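*Asks:* Contents of input.tsv (TSV, C-alpha atoms and all ligand atoms):
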chain	number	residue	atom	x	y	z
F	14	MET	CA	12.98	79.06	45.26
F	15	THR	CA	11.93	82.57	46.28
F	16	GLY	CA	14.47	85.39	45.90
F	17	LEU	CA	14.80	88.25	48.36
F	18	ILE	CA	16.63	91.39	47.38
F	19	SER	CA	17.96	93.17	50.42
F	20	CYS	CA	18.10	96.66	48.88
F	21	THR	CA	19.70	98.26	51.94
F	22	LEU	CA	19.82	97.60	55.66
F	23	GLU	CA	19.10	101.27	56.37
F	24	CYS	CA	15.66	102.57	57.34
F	25	ASN	CA	13.91	105.94	57.71
F	26	LEU	CA	12.12	104.90	60.91
F	27	LYS	CA	13.29	104.02	64.42
F	28	CYS	CA	10.85	101.36	65.60
F	29	LYS	CA	11.47	100.66	69.24
F	30	TYR	CA	11.60	96.88	68.77
F	31	CYS	CA	13.72	96.90	65.60
F	32	PHE	CA	16.15	93.98	65.37
F	33	GLU	CA	18.11	95.12	62.30
F	34	LYS	CA	21.80	95.66	62.90
F	35	ASN	CA	21.99	98.70	60.65
F	36	GLY	CA	24.30	101.08	62.40
F	37	ASP	CA	23.23	104.32	64.05
F	38	LYS	CA	19.42	104.24	64.31
F	39	ASP	CA	19.25	107.96	65.23
F	40	LYS	CA	20.97	109.05	62.02
F	41	CYS	CA	18.92	109.69	58.88
F	42	PRO	CA	20.02	107.37	56.10
F	43	ASP	CA	22.23	108.80	53.38
F	44	THR	CA	19.95	108.16	50.42
F	45	ASN	CA	22.57	109.19	47.84
F	46	GLU	CA	24.99	106.61	49.14
F	47	ILE	CA	22.27	103.93	49.38
F	48	ASN	CA	21.11	104.58	45.82
F	49	ASP	CA	24.68	104.63	44.47
F	50	LYS	CA	25.26	101.20	46.00
F	51	PHE	CA	21.99	99.94	44.56
F	52	ARG	CA	22.83	101.35	41.11
F	53	GLY	CA	26.15	99.50	41.17
F	54	ALA	CA	24.35	96.29	42.16
F	55	ILE	CA	21.78	96.28	39.34
F	56	PRO	CA	23.77	93.75	37.23
F	57	TYR	CA	24.04	91.48	40.31
F	58	PHE	CA	20.32	91.67	41.00
F	59	ASP	CA	19.54	90.97	37.36
F	60	LYS	CA	21.83	87.93	37.36
F	61	PHE	CA	20.35	86.76	40.67
F	62	ILE	CA	16.82	86.80	39.24
F	63	ASP	CA	17.98	85.09	36.03
F	64	ASN	CA	19.48	82.33	38.16
F	65	ILE	CA	16.40	81.92	40.32
F	66	TYR	CA	14.19	81.80	37.25
F	67	SER	CA	16.25	79.07	35.63
F	68	TYR	CA	16.63	77.22	38.98
F	69	ASN	CA	12.80	77.19	39.09
F	70	ASP	CA	12.69	75.65	35.57
F	71	GLU	CA	11.46	78.94	34.11
F	72	SER	CA	8.20	78.76	36.00
F	73	LYS	CA	6.65	81.81	37.69
F	74	SER	CA	9.11	82.97	40.35
F	75	VAL	CA	8.59	85.26	43.32
F	76	ILE	CA	11.05	88.11	43.94
F	77	ILE	CA	10.65	90.23	47.08
F	78	TRP	CA	12.12	93.71	47.52
F	79	HIS	CA	13.21	93.84	51.12
F	80	GLY	CA	15.28	95.91	53.52
F	81	GLY	CA	15.87	97.71	55.87
F	82	GLU	CA	13.42	99.88	53.99
F	83	PRO	CA	13.33	99.21	50.24
F	84	THR	CA	11.44	102.42	49.39
F	85	LEU	CA	14.66	104.32	50.15
F	86	ILE	CA	15.60	103.18	46.65
F	87	LYS	CA	14.57	105.53	43.84
F	88	PRO	CA	11.70	104.10	41.77
F	89	ASP	CA	13.59	104.48	38.47
F	90	LEU	CA	16.42	102.24	39.76
F	91	MET	CA	14.02	99.54	40.90
F	92	GLU	CA	12.27	99.86	37.57
F	93	GLN	CA	15.53	99.18	35.70
F	94	VAL	CA	15.74	95.73	37.32
F	95	MET	CA	12.07	94.90	36.71
F	96	GLU	CA	12.23	96.15	33.14
F	97	MET	CA	15.32	94.03	32.38
F	98	GLN	CA	13.44	90.95	33.53
F	99	HIS	CA	10.30	92.00	31.73
F	100	GLY	CA	12.35	92.46	28.53
F	101	LYS	CA	13.60	88.87	28.79
F	102	GLY	CA	10.03	87.63	29.09
F	103	HIS	CA	10.64	86.17	32.56
F	104	ASP	CA	7.46	85.43	34.46
F	105	ILE	CA	8.20	87.18	37.76
F	106	SER	CA	5.75	87.87	40.55
F	107	TRP	CA	7.07	90.99	42.33
F	108	ARG	CA	6.49	91.78	45.97
F	109	ILE	CA	7.75	94.43	48.34
F	110	GLN	CA	7.80	94.55	52.13
F	111	THR	CA	7.72	98.17	53.29
F	112	ASN	CA	6.89	100.35	56.28
F	113	GLY	CA	4.50	102.22	53.97
F	114	THR	CA	5.62	105.74	54.90
F	115	MET	CA	7.13	106.73	51.54
F	116	LEU	CA	4.57	105.61	48.97
F	117	THR	CA	4.77	108.53	46.56
F	118	ASP	CA	2.57	108.74	43.45
F	119	GLU	CA	5.59	107.80	41.32
F	120	ARG	CA	6.21	104.69	43.39
F	121	ILE	CA	2.57	103.67	43.35
F	122	ALA	CA	2.56	104.04	39.55
F	123	LEU	CA	5.59	101.72	39.43
F	124	PHE	CA	3.82	99.11	41.60
F	125	LYS	CA	0.82	99.32	39.34
F	126	LYS	CA	2.86	99.00	36.15
F	127	TYR	CA	4.70	95.85	37.32
F	128	ASN	CA	1.86	94.44	39.39
F	129	VAL	CA	3.94	94.57	42.58
F	130	PHE	CA	2.11	93.15	45.60
F	131	VAL	CA	2.76	95.40	48.60
F	132	GLY	CA	3.17	94.16	52.17
F	133	ILE	CA	2.85	96.96	54.74
F	134	SER	CA	3.87	96.75	58.36
F	135	ILE	CA	1.19	98.26	60.57
F	136	ASP	CA	0.72	97.19	64.15
F	137	GLY	CA	-3.03	97.49	64.49
F	138	LEU	CA	-4.91	100.60	65.54
F	139	LYS	CA	-3.37	104.07	65.75
F	140	HIS	CA	-2.59	103.87	69.49
F	141	HIS	CA	-0.87	100.47	69.07
F	142	HIS	CA	1.12	101.44	66.03
F	143	ASP	CA	2.27	104.88	67.16
F	144	LYS	CA	3.66	103.56	70.43
F	145	TYR	CA	6.49	101.67	68.72
F	146	ARG	CA	6.63	102.57	65.02
F	147	ILE	CA	8.01	106.10	65.01
F	148	THR	CA	10.27	108.29	62.90
F	149	LYS	CA	13.88	109.06	63.76
F	150	SER	CA	12.67	112.21	65.51
F	151	GLY	CA	10.04	110.30	67.46
F	152	ASN	CA	6.95	111.29	65.46
F	153	PRO	CA	3.99	108.93	64.91
F	154	THR	CA	3.48	107.26	61.52
F	155	PHE	CA	0.00	105.68	61.57
F	156	ASP	CA	-1.92	108.51	59.83
F	157	LEU	CA	0.62	108.74	57.04
F	158	ILE	CA	0.56	104.99	56.40
F	159	LYS	CA	-3.24	104.90	56.48
F	160	LYS	CA	-3.32	107.69	53.88
F	161	ASN	CA	-0.88	105.72	51.73
F	162	MET	CA	-2.97	102.56	52.03
F	163	ASP	CA	-5.97	104.56	50.83
F	164	LYS	CA	-3.91	105.68	47.82
F	165	LEU	CA	-3.00	102.06	47.04
F	166	LYS	CA	-6.70	101.18	47.12
F	167	GLN	CA	-7.63	104.07	44.84
F	168	ASN	CA	-4.99	102.91	42.37
F	169	ASN	CA	-6.01	99.24	42.58
F	170	VAL	CA	-2.60	98.14	43.83
F	171	GLN	CA	-2.93	94.91	45.77
F	172	PHE	CA	-1.62	94.95	49.29
F	173	SER	CA	-1.91	93.29	52.67
F	174	VAL	CA	-0.74	94.16	56.13
F	175	LEU	CA	1.74	92.56	58.52
F	176	VAL	CA	0.87	93.08	62.18
F	177	THR	CA	3.57	92.56	64.78
F	178	ILE	CA	1.92	91.33	67.94
F	179	THR	CA	3.44	92.90	71.03
F	180	ASP	CA	2.56	93.35	74.69
F	181	ASN	CA	0.88	96.56	73.53
F	182	ASN	CA	-1.74	95.11	71.18
F	183	VAL	CA	-2.09	91.47	72.23
F	184	ASN	CA	-5.26	92.13	74.22
F	185	GLU	CA	-6.95	94.05	71.43
F	186	LEU	CA	-6.52	91.70	68.47
F	187	ASN	CA	-10.28	91.52	68.01
F	188	ASP	CA	-10.48	95.30	67.60
F	189	ILE	CA	-7.64	95.17	65.10
F	190	TYR	CA	-9.50	92.47	63.20
F	191	ARG	CA	-12.66	94.58	63.08
F	192	PHE	CA	-10.73	97.60	61.85
F	193	LEU	CA	-8.94	95.68	59.07
F	194	SER	CA	-12.07	93.78	58.15
F	195	ALA	CA	-14.05	97.03	57.80
F	196	GLU	CA	-11.24	98.30	55.54
F	197	ASN	CA	-11.28	94.97	53.65
F	198	ILE	CA	-7.53	94.51	54.26
F	199	SER	CA	-6.15	90.98	54.66
F	200	PHE	CA	-3.30	90.48	57.05
F	201	SER	CA	-0.62	88.29	58.45
F	202	TYR	CA	0.90	88.50	61.91
F	203	ASN	CA	4.14	87.79	63.70
F	204	ALA	CA	4.68	87.61	67.40
F	205	LEU	CA	7.43	90.06	68.31
F	206	TYR	CA	10.73	88.50	67.38
F	207	PRO	CA	13.17	88.15	70.20
F	208	THR	CA	15.55	91.11	70.07
F	209	ASP	CA	18.15	92.62	72.32
F	210	ASN	CA	16.08	95.80	72.63
F	211	LYS	CA	14.25	94.52	75.66
F	212	GLU	CA	14.46	97.68	77.73
F	213	LYS	CA	12.10	99.36	75.26
F	214	TYR	CA	9.17	96.96	75.46
F	215	ALA	CA	7.76	94.29	77.74
F	216	GLU	CA	8.04	90.72	76.51
F	217	LEU	CA	4.91	88.98	75.21
F	218	ASN	CA	3.36	86.63	77.70
F	219	ALA	CA	3.07	83.24	75.95
F	220	GLU	CA	-0.22	82.30	77.62
F	221	GLU	CA	-1.81	85.68	76.94
F	222	TYR	CA	-0.61	85.55	73.33
F	223	SER	CA	-1.88	82.07	72.57
F	224	LEU	CA	-5.28	82.76	74.13
F	225	ALA	CA	-5.63	85.95	72.09
F	226	ILE	CA	-4.66	84.19	68.86
F	227	CYS	CA	-7.16	81.37	69.42
F	228	GLU	CA	-9.88	83.95	70.06
F	229	LEU	CA	-8.90	85.76	66.88
F	230	PHE	CA	-9.18	82.51	64.95
F	231	ASP	CA	-12.72	81.97	66.30
F	232	LEU	CA	-13.75	85.49	65.41
F	233	TRP	CA	-12.38	85.16	61.88
F	234	ILE	CA	-13.62	81.67	61.07
F	235	ASN	CA	-17.14	82.45	62.26
F	236	ASP	CA	-17.36	85.79	60.49
F	237	GLN	CA	-19.60	85.06	57.50
F	238	LEU	CA	-19.54	88.63	56.20
F	239	SER	CA	-15.87	89.49	56.04
F	240	LYS	CA	-13.80	88.41	53.04
F	241	ILE	CA	-10.38	89.12	54.51
F	242	VAL	CA	-7.71	86.45	54.82
F	243	ILE	CA	-5.56	85.96	57.91
F	244	ALA	CA	-2.67	84.22	56.21
F	245	PRO	CA	-1.23	82.15	59.10
F	246	PHE	CA	-4.68	80.64	59.82
F	247	GLU	CA	-5.19	79.69	56.19
F	248	HIS	CA	-1.69	78.18	56.09
F	249	ILE	CA	-2.32	76.08	59.20
F	250	ILE	CA	-5.66	74.83	57.88
F	251	GLU	CA	-3.97	73.89	54.62
F	252	GLY	CA	-1.17	72.11	56.50
F	253	LEU	CA	-3.59	70.17	58.69
F	254	LEU	CA	-5.72	69.09	55.74
F	255	CYS	CA	-2.69	68.05	53.73
F	256	GLN	CA	-0.02	67.09	56.23
F	257	GLU	CA	2.30	65.56	53.60
F	258	ARG	CA	2.75	69.02	52.10
F	259	GLY	CA	3.15	70.76	55.44
F	260	ILE	CA	2.27	74.30	56.42
F	261	PRO	CA	3.17	76.63	53.54
F	262	ALA	CA	5.12	79.32	55.41
F	263	CYS	CA	8.88	79.57	55.85
F	264	ASN	CA	8.96	79.27	59.63
F	265	TRP	CA	7.01	75.99	59.54
F	266	GLN	CA	9.30	74.31	57.00
F	267	LYS	CA	11.61	71.41	57.63
F	268	ASN	CA	14.39	73.29	55.86
F	269	CYS	CA	13.50	76.85	54.82
F	270	SER	CA	16.86	77.28	53.06
F	271	GLU	CA	15.60	75.03	50.26
F	272	SER	CA	12.99	77.65	49.39
F	273	PHE	CA	14.58	81.05	50.08
F	274	ILE	CA	17.75	82.88	49.15
F	275	ALA	CA	18.70	86.53	49.63
F	276	ILE	CA	21.16	88.86	47.93
F	277	ASP	CA	22.65	92.16	49.13
F	278	PRO	CA	24.09	95.05	47.06
F	279	LEU	CA	27.56	93.49	47.21
F	280	GLY	CA	26.16	90.46	45.39
F	281	ASP	CA	26.62	88.30	48.49
F	282	LEU	CA	24.07	85.56	49.08
F	283	TYR	CA	22.48	84.46	52.36
F	284	PRO	CA	19.75	81.96	53.37
F	285	CYS	CA	17.21	84.80	53.88
F	286	GLU	CA	17.10	88.53	54.55
F	287	HIS	CA	17.60	88.11	58.29
F	288	TRP	CA	21.13	86.79	57.84
F	289	VAL	CA	22.32	89.52	55.46
F	290	GLY	CA	25.62	90.93	56.69
F	291	ASP	CA	26.37	87.93	58.94
F	292	ILE	CA	29.58	86.76	57.33
F	293	GLN	CA	29.36	83.29	58.88
F	294	MET	CA	26.11	82.72	57.02
F	295	ARG	CA	27.30	84.04	53.67
F	296	LEU	CA	26.79	81.37	51.02
F	297	GLY	CA	29.00	82.98	48.38
F	298	ASN	CA	28.68	85.67	45.74
F	299	ILE	CA	26.44	85.93	42.70
F	300	GLN	CA	29.61	85.87	40.56
F	301	ASP	CA	30.16	82.27	41.75
F	302	ASP	CA	28.16	79.33	40.42
F	303	PHE	CA	24.56	79.80	41.56
F	304	GLY	CA	23.49	76.18	41.11
F	305	THR	CA	26.28	75.01	43.43
F	306	MET	CA	25.42	77.71	45.95
F	307	ALA	CA	21.72	76.93	45.91
F	308	LYS	CA	22.61	73.30	46.55
F	309	VAL	CA	25.06	74.10	49.31
F	310	ASN	CA	22.38	76.32	50.75
F	311	ASN	CA	21.58	73.34	52.93
F	312	ILE	CA	22.74	75.09	56.00
F	313	PHE	CA	19.74	73.89	58.05
F	314	ASP	CA	19.71	70.32	56.71
F	315	ASP	CA	20.61	68.63	60.00
F	316	ARG	CA	18.49	70.85	62.21
F	317	ALA	CA	15.23	68.89	62.06
F	318	ILE	CA	17.09	65.59	62.59
F	319	ILE	CA	18.88	66.95	65.65
F	320	LEU	CA	15.73	68.52	67.12
F	321	ALA	CA	13.67	65.36	66.57
F	322	LYS	CA	16.12	63.47	68.79
F	323	LYS	CA	16.55	66.15	71.41
F	324	GLU	CA	14.55	69.25	72.24
F	325	CYS	CA	11.47	68.45	70.14
F	326	GLU	CA	11.43	64.72	70.93
F	327	ASN	CA	7.87	63.54	71.57
F	328	CYS	CA	6.34	66.83	70.47
F	329	GLU	CA	2.95	66.00	68.96
F	330	ILE	CA	3.23	68.72	66.34
F	331	PHE	CA	6.85	68.17	65.30
F	332	GLU	CA	5.87	67.01	61.80
F	333	LEU	CA	4.19	70.38	61.31
F	334	CYS	CA	6.50	72.71	63.22
F	335	TYR	CA	10.07	71.33	62.87
F	336	GLY	CA	11.34	73.60	65.62
F	337	GLY	CA	10.34	76.94	64.07
F	338	CYS	CA	12.55	79.61	62.50
F	339	PRO	CA	16.31	78.91	62.65
F	340	TRP	CA	17.07	82.62	62.80
F	341	ASN	CA	14.86	83.07	65.86
F	342	SER	CA	16.65	80.13	67.49
F	343	TYR	CA	20.01	81.67	66.67
F	344	ILE	CA	19.02	85.03	68.16
F	345	LEU	CA	17.45	83.44	71.23
F	346	ASN	CA	19.96	80.69	71.96
F	347	GLY	CA	23.06	81.61	69.97
F	348	ARG	CA	22.80	78.32	68.02
F	349	ILE	CA	20.81	77.30	64.95
F	350	ASN	CA	20.29	73.69	65.91
F	351	THR	CA	18.04	74.54	68.83
F	352	LYS	CA	14.29	74.98	68.87
F	353	ASP	CA	12.63	78.38	68.77
F	354	ASN	CA	11.22	78.11	72.27
F	355	SER	CA	9.57	81.54	72.00
F	356	ILE	CA	6.84	80.04	69.80
F	357	CYS	CA	6.54	76.57	71.33
F	358	TYR	CA	3.67	77.10	73.74
F	359	GLY	CA	1.61	79.30	71.39
F	360	ARG	CA	2.04	76.98	68.41
F	361	LYS	CA	0.89	73.92	70.30
F	362	ARG	CA	-2.19	75.75	71.60
F	363	LEU	CA	-3.12	77.16	68.20
F	364	ILE	CA	-2.61	73.90	66.28
F	365	LYS	CA	-4.69	72.04	68.85
F	366	HIS	CA	-7.40	74.70	68.63
F	367	ILE	CA	-7.61	74.72	64.83
F	368	TYR	CA	-7.35	70.93	64.68
F	369	GLN	CA	-10.30	70.64	67.03
F	370	TYR	CA	-12.27	73.10	64.90
F	371	LEU	CA	-11.59	71.01	61.79
F	372	LYS	CA	-12.48	67.79	63.58
F	373	ASP	CA	-15.82	69.28	64.59
F	374	ASN	CA	-16.63	70.90	61.26
F	375	TYR	CA	-14.74	69.26	58.44
F	376	LYS	CA	-16.27	66.06	57.09
F	377	GLY	CA	-13.28	64.92	55.00
F	378	LYS	CA	-10.28	62.84	56.04
F	379	LEU	CA	-8.06	64.38	58.68
F	380	LYS	CA	-4.82	62.71	59.74
F	381	GLU	CA	-4.95	61.95	63.45
F	382	ILE	CA	-2.81	63.96	65.85
F	383	ILE	CA	-2.77	62.66	69.42
F	384	PHE	CA	-2.62	65.56	71.84
R	401	LIG	S1	15.49	81.75	58.74
R	401	LIG	FE1	13.44	82.14	59.58
R	401	LIG	S2	12.69	83.98	58.54
R	401	LIG	FE2	14.43	83.18	57.34
R	401	LIG	S3	13.47	81.87	55.78
R	401	LIG	FE3	14.01	80.59	57.52
R	401	LIG	S4	12.16	80.48	58.77
R	401	LIG	FE4	11.92	82.22	57.37
R	402	LIG	S1	6.23	73.17	69.18
R	402	LIG	FE1	8.19	73.40	70.22
R	402	LIG	S2	8.80	71.28	70.75
R	402	LIG	FE2	7.19	71.16	69.19
R	402	LIG	S3	8.29	71.03	67.25
R	402	LIG	FE3	7.79	73.18	67.59
R	402	LIG	S4	9.60	74.02	68.63
R	402	LIG	FE4	9.73	71.78	68.77
What does this structure look like when you write it as C-alpha cells?
Ligand code: SF4
Ligand code: SF4

*Replies:*
Amino acid sequence: MTGLISCTLECNLKCKYCFEKNGDKDKCPDTNEINDKFRGAIPYFDKFIDNIYSYNDESKSVIIWHGGEPTLIKPDLMEQVMEMQHGKGHDISWRIQTNGTMLTDERIALFKKYNVFVGISIDGLKHHHDKYRITKSGNPTFDLIKKNMDKLKQNNVQFSVLVTITDNNVNELNDIYRFLSAENISFSYNALYPTDNKEKYAELNAEEYSLAICELFDLWINDQLSKIVIAPFEHIIEGLLCQERGIPACNWQKNCSESFIAIDPLGDLYPCEHWVGDIQMRLGNIQDDFGTMAKVNNIFDDRAIILAKKECENCEIFELCYGGCPWNSYILNGRINTKDNSICYGRKRLIKHIYQYLKDNYKGKLKEIIF
C-alpha cells in the first residue's frame, strides 16, 4: 500500500488545464492558513504513515507528498513528519510531486537529507510548457523550473519529470525526448486528463496521440546511447513479459484502491489524491480503525467484473488494461463503473505496437495476445 499525503489543494500556479477543484484559481494561496492546517495535521500524518507501515508488514513503504502544490508547506513542518518516522526506524521511501517552481536551497537540503525522490511536472520544451503552465499573473515558468532542476542535479537529488501530453506538444514528442535525453532526465507522461476546462485548450486527437506515442517508443527503444527511462514504456514491457503480475502502474490495475490510499489535513482518507474532498468517496478518518478502512477501501472491486461483461467485453487487452483509471471514468462519464474511453484507442495501439516489437526481438516466452 502506497500512502499519499494531500498537503493542500491550493497551488501557486494557474495551469490552463488544471482539474483541481481548489477554489478561486486567480487568488494567491494563503500560505499562513495552509501551513497552520498542516501543522495541526502532523499527528494525523504520522499516524497514517505508522498504519501504512504496519499494513505493509513493516517492509519499505512509499509515501508521496502531493497537492495541490506540496511545496507551499514550510520545509520545517514537512521535516517534522519525516523525522518522527525516521526516529521510529521506519523504512520509508519518500517522494514528492511538485510543479518545481519553489525549490529553495532549504527545501533541496531537506530532500537530500531524507532522500526524497522529486517528480516535477514539465510539459516538454519552453514553448510547450509556457503555453499552459503559468503563474497566477500569467507569467511563464519554464526557465525557473529548469534552473531548479539544475540545482537538484548539482545537489545530487534524484528526480524525474512528468510530461502532460496535450494538443500543444503531441507533434513534438521526439524533440522533447531529445531535450530530456541530452539532460539525462528520465520521464513519465500522461495524456491530458479530461477536465471541464475545455474552452482553454483543444482536445487531444486520439489517432494523432497514439501515432506520436508509438513513434516515441521506437525512438527510445532504438536509442543505444541514452540511459533515460520512459516509465510507461518500461511498465508495459514488464507487464507483457509477465502478464500474471500485470502492468505496474495504478491506472493499469484491476483494483487500484488495493494499492493506494490518501489522507488530507483533516485526517480524512480517500482512495487516491484525485478524490480528496469528494465526500462520497471518503473512506473514513485516520482516528477510525485503519485496518478496517484499508479493507473497505474496495470501492472499485466490482468495476473490472462489470466492465468485462459490458463495455470492455471482447477487448483483447482487457487482462492488461481493466478499463483504465476509475477517476478518469468518473470525470468523463459521471460513473465509476464505466471504462475510461479517453485512453481506449491509444492503449490498444501502443500495446499492439510494443507487443509486436517484443515478438520480433525478444527470444523468451511471450503469452499470446490475439489482435
Ligand atoms: S483512481 Fe486513477 S489516479 Fe487514482 S489510484 Fe486509481 S488509477 Fe491511479
Ligand atoms: S482498451 Fe478500452 S475496451 Fe479495452 S480494457 Fe481498456 S478501456 Fe476497456

*Asks:* Rank nothing, just name the residue among F:Gln167, F:Asn64, F:Ser19, F:Asn128 nearest to Asp281 (chain F), using all atoms listed in the file.

*Replies:*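 Of F:Gln167, F:Asn64, F:Ser19, F:Asn128, the one nearest Asp281 (chain F) is F:Ser19, counting all atoms listed in the file.
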
*Asks:* Counting all atoms listed in the file, which residue out of F:Ile62, F:Asp43, F:Ile250, F:Val131 sits closest to Val94 (chain F)?

*Replies:*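 Distance minimum relative to Val94 (chain F) lands on F:Ile62.
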
*Asks:* Could you work out how far CA of Phe230 (chain F) lies from CA of Glu251 (chain F), giving the answer in Å with one decimal?

*Replies:* 14.4 Å

*Asks:* Give the residues close to ligand LIG 402 (chain R), within 7 Å, counting only C-alpha atoms and all ligand atoms; write them as a VMD selection string.

*Replies:* chain F and resid 324 to 325 328 to 331 334 to 337 352 to 354 356 to 358 360 to 361

*Asks:* Using all atoms listed in the file, what are the residues with an atom within 8 Å of ligand LIG 401 (chain R), set out as a PyMOL selection string?

*Replies:* chain F and resi 262-266+268-270+272-274+284-288+337-341

*Asks:* Box for region 147-151 of chain F - axis-aligned, 6 Å on each of the six sides, all listed atoms - centre and size in Å to one decimal, as AutoDock Vina command-line options.

*Replies:*
--center_x 10.9 --center_y 109.2 --center_z 65.2 --size_x 17.9 --size_y 18.1 --size_z 16.6

*Asks:* Between CA of Gly53 (chain F) and CA of Gly81 (chain F), what distance in Å does the model show, to one decimal?

*Replies:*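 It comes out at 18.0 Å.
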
*Asks:* Between F:Ile241, F:His142, F:Met91, F:Ile226, which has the minimum distance to Gly359 (chain F) (counting only C-alpha atoms)?

*Replies:*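 Result for the nearest residue to Gly359 (chain F): F:Ile226.
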
*Asks:* Counting all atoms listed in the file, give me one row per residue of region 38-95 of chain F with an atom at most 10 Å from an atom of region 296-314 of chain F, showing the shortest contact pair and its distance in Å to one decimal, sorted by chain then residue number, as a Markdown table.

*Replies:*
| residue | atom | partner | partner_atom | distance |
| --- | --- | --- | --- | --- |
| F:Pro56 | CA | F:Ile299 | CA | 9.9 |
| F:Tyr57 | CA | F:Ile299 | CA | 6.5 |
| F:Phe58 | CA | F:Ile299 | CA | 8.6 |
| F:Lys60 | CA | F:Ile299 | CA | 7.3 |
| F:Phe61 | CA | F:Ile299 | CA | 6.5 |
| F:Asn64 | CA | F:Phe303 | CA | 6.6 |
| F:Ile65 | CA | F:Phe303 | CA | 8.5 |
| F:Ser67 | CA | F:Gly304 | CA | 9.5 |
| F:Tyr68 | CA | F:Gly304 | CA | 7.3 |

*Asks:* So, counting all atoms listed in the file, which residue among F:Leu193, F:Cys20, F:Ile147, F:Val176 is closest to Ile133 (chain F)?

*Replies:*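 The closest residue to Ile133 (chain F) is F:Val176.
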
*Asks:* Check the smallest atom-to-atom distance from each of F:Ile276, F:Leu186, F:Val289, F:Met115 to Leu157 (chain F) using only C-alpha atoms, then report the winner.

*Replies:*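 Comparing F:Ile276, F:Leu186, F:Val289, F:Met115 against Leu157 (chain F), the winner is F:Met115.
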
*Asks:* May I have the residues within 12 Å of Leu238 (chain F) as a ChimeraX atom specification, using all atoms listed in the file and disregarding those fewer than 2 positions away in the same chain?

*Replies:* /F:191,194-195,197,232-236,240-241

*Asks:* Of the candidates F:Ser355, F:Asn25, F:Ser106, F:Thr15, which shows the shortest atom-to-atom distance to Lys149 (chain F), using only C-alpha atoms?

*Replies:*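 Ranking F:Ser355, F:Asn25, F:Ser106, F:Thr15 by distance to Lys149 (chain F), first place goes to F:Asn25.
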
*Asks:* So how far away is CA of Thr351 (chain F) from CA of Ala321 (chain F), in Å?

*Replies:*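 So the two atoms, CA of Ala321 (chain F) and CA of Thr351 (chain F), lie 10.4 Å apart.
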
*Asks:* For a cutoff of 12 Å around the file-coordinate point (10.3, 88.3, 39.3), which residues qualify once you count only C-alpha atoms? I'd like the result as a PDB file with C-alpha atoms, in the coordinates of the input.

*Replies:*
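The file below, selection_7.pdb, is the result:
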ATOM      1  CA  MET F  14      12.980  79.060  45.260  1.00  0.00           C
ATOM      2  CA  THR F  15      11.930  82.570  46.280  1.00  0.00           C
ATOM      3  CA  GLY F  16      14.470  85.390  45.900  1.00  0.00           C
ATOM      4  CA  LEU F  17      14.800  88.250  48.360  1.00  0.00           C
ATOM      5  CA  ILE F  18      16.630  91.390  47.380  1.00  0.00           C
ATOM      6  CA  PHE F  58      20.320  91.670  41.000  1.00  0.00           C
ATOM      7  CA  ASP F  59      19.540  90.970  37.360  1.00  0.00           C
ATOM      8  CA  LYS F  60      21.830  87.930  37.360  1.00  0.00           C
ATOM      9  CA  PHE F  61      20.350  86.760  40.670  1.00  0.00           C
ATOM     10  CA  ILE F  62      16.820  86.800  39.240  1.00  0.00           C
ATOM     11  CA  ASP F  63      17.980  85.090  36.030  1.00  0.00           C
ATOM     12  CA  ASN F  64      19.480  82.330  38.160  1.00  0.00           C
ATOM     13  CA  ILE F  65      16.400  81.920  40.320  1.00  0.00           C
ATOM     14  CA  TYR F  66      14.190  81.800  37.250  1.00  0.00           C
ATOM     15  CA  SER F  67      16.250  79.070  35.630  1.00  0.00           C
ATOM     16  CA  ASN F  69      12.800  77.190  39.090  1.00  0.00           C
ATOM     17  CA  GLU F  71      11.460  78.940  34.110  1.00  0.00           C
ATOM     18  CA  SER F  72       8.200  78.760  36.000  1.00  0.00           C
ATOM     19  CA  LYS F  73       6.650  81.810  37.690  1.00  0.00           C
ATOM     20  CA  SER F  74       9.110  82.970  40.350  1.00  0.00           C
ATOM     21  CA  VAL F  75       8.590  85.260  43.320  1.00  0.00           C
ATOM     22  CA  ILE F  76      11.050  88.110  43.940  1.00  0.00           C
ATOM     23  CA  ILE F  77      10.650  90.230  47.080  1.00  0.00           C
ATOM     24  CA  TRP F  78      12.120  93.710  47.520  1.00  0.00           C
ATOM     25  CA  MET F  91      14.020  99.540  40.900  1.00  0.00           C
ATOM     26  CA  GLU F  92      12.270  99.860  37.570  1.00  0.00           C
ATOM     27  CA  VAL F  94      15.740  95.730  37.320  1.00  0.00           C
ATOM     28  CA  MET F  95      12.070  94.900  36.710  1.00  0.00           C
ATOM     29  CA  GLU F  96      12.230  96.150  33.140  1.00  0.00           C
ATOM     30  CA  MET F  97      15.320  94.030  32.380  1.00  0.00           C
ATOM     31  CA  GLN F  98      13.440  90.950  33.530  1.00  0.00           C
ATOM     32  CA  HIS F  99      10.300  92.000  31.730  1.00  0.00           C
ATOM     33  CA  GLY F 100      12.350  92.460  28.530  1.00  0.00           C
ATOM     34  CA  LYS F 101      13.600  88.870  28.790  1.00  0.00           C
ATOM     35  CA  GLY F 102      10.030  87.630  29.090  1.00  0.00           C
ATOM     36  CA  HIS F 103      10.640  86.170  32.560  1.00  0.00           C
ATOM     37  CA  ASP F 104       7.460  85.430  34.460  1.00  0.00           C
ATOM     38  CA  ILE F 105       8.200  87.180  37.760  1.00  0.00           C
ATOM     39  CA  SER F 106       5.750  87.870  40.550  1.00  0.00           C
ATOM     40  CA  TRP F 107       7.070  90.990  42.330  1.00  0.00           C
ATOM     41  CA  ARG F 108       6.490  91.780  45.970  1.00  0.00           C
ATOM     42  CA  ILE F 109       7.750  94.430  48.340  1.00  0.00           C
ATOM     43  CA  TYR F 127       4.700  95.850  37.320  1.00  0.00           C
ATOM     44  CA  ASN F 128       1.860  94.440  39.390  1.00  0.00           C
ATOM     45  CA  VAL F 129       3.940  94.570  42.580  1.00  0.00           C
ATOM     46  CA  PHE F 130       2.110  93.150  45.600  1.00  0.00           C
TER      47      PHE F 130
END

*Asks:* Write out as a VMD selection string which residues come within 9 Å of Leu205 (chain F) when counting only C-alpha atoms, dropping same-chain ones fewer than 2 positions away.

*Replies:* chain F and resid 30 177 to 180 203 207 to 208 216 to 217
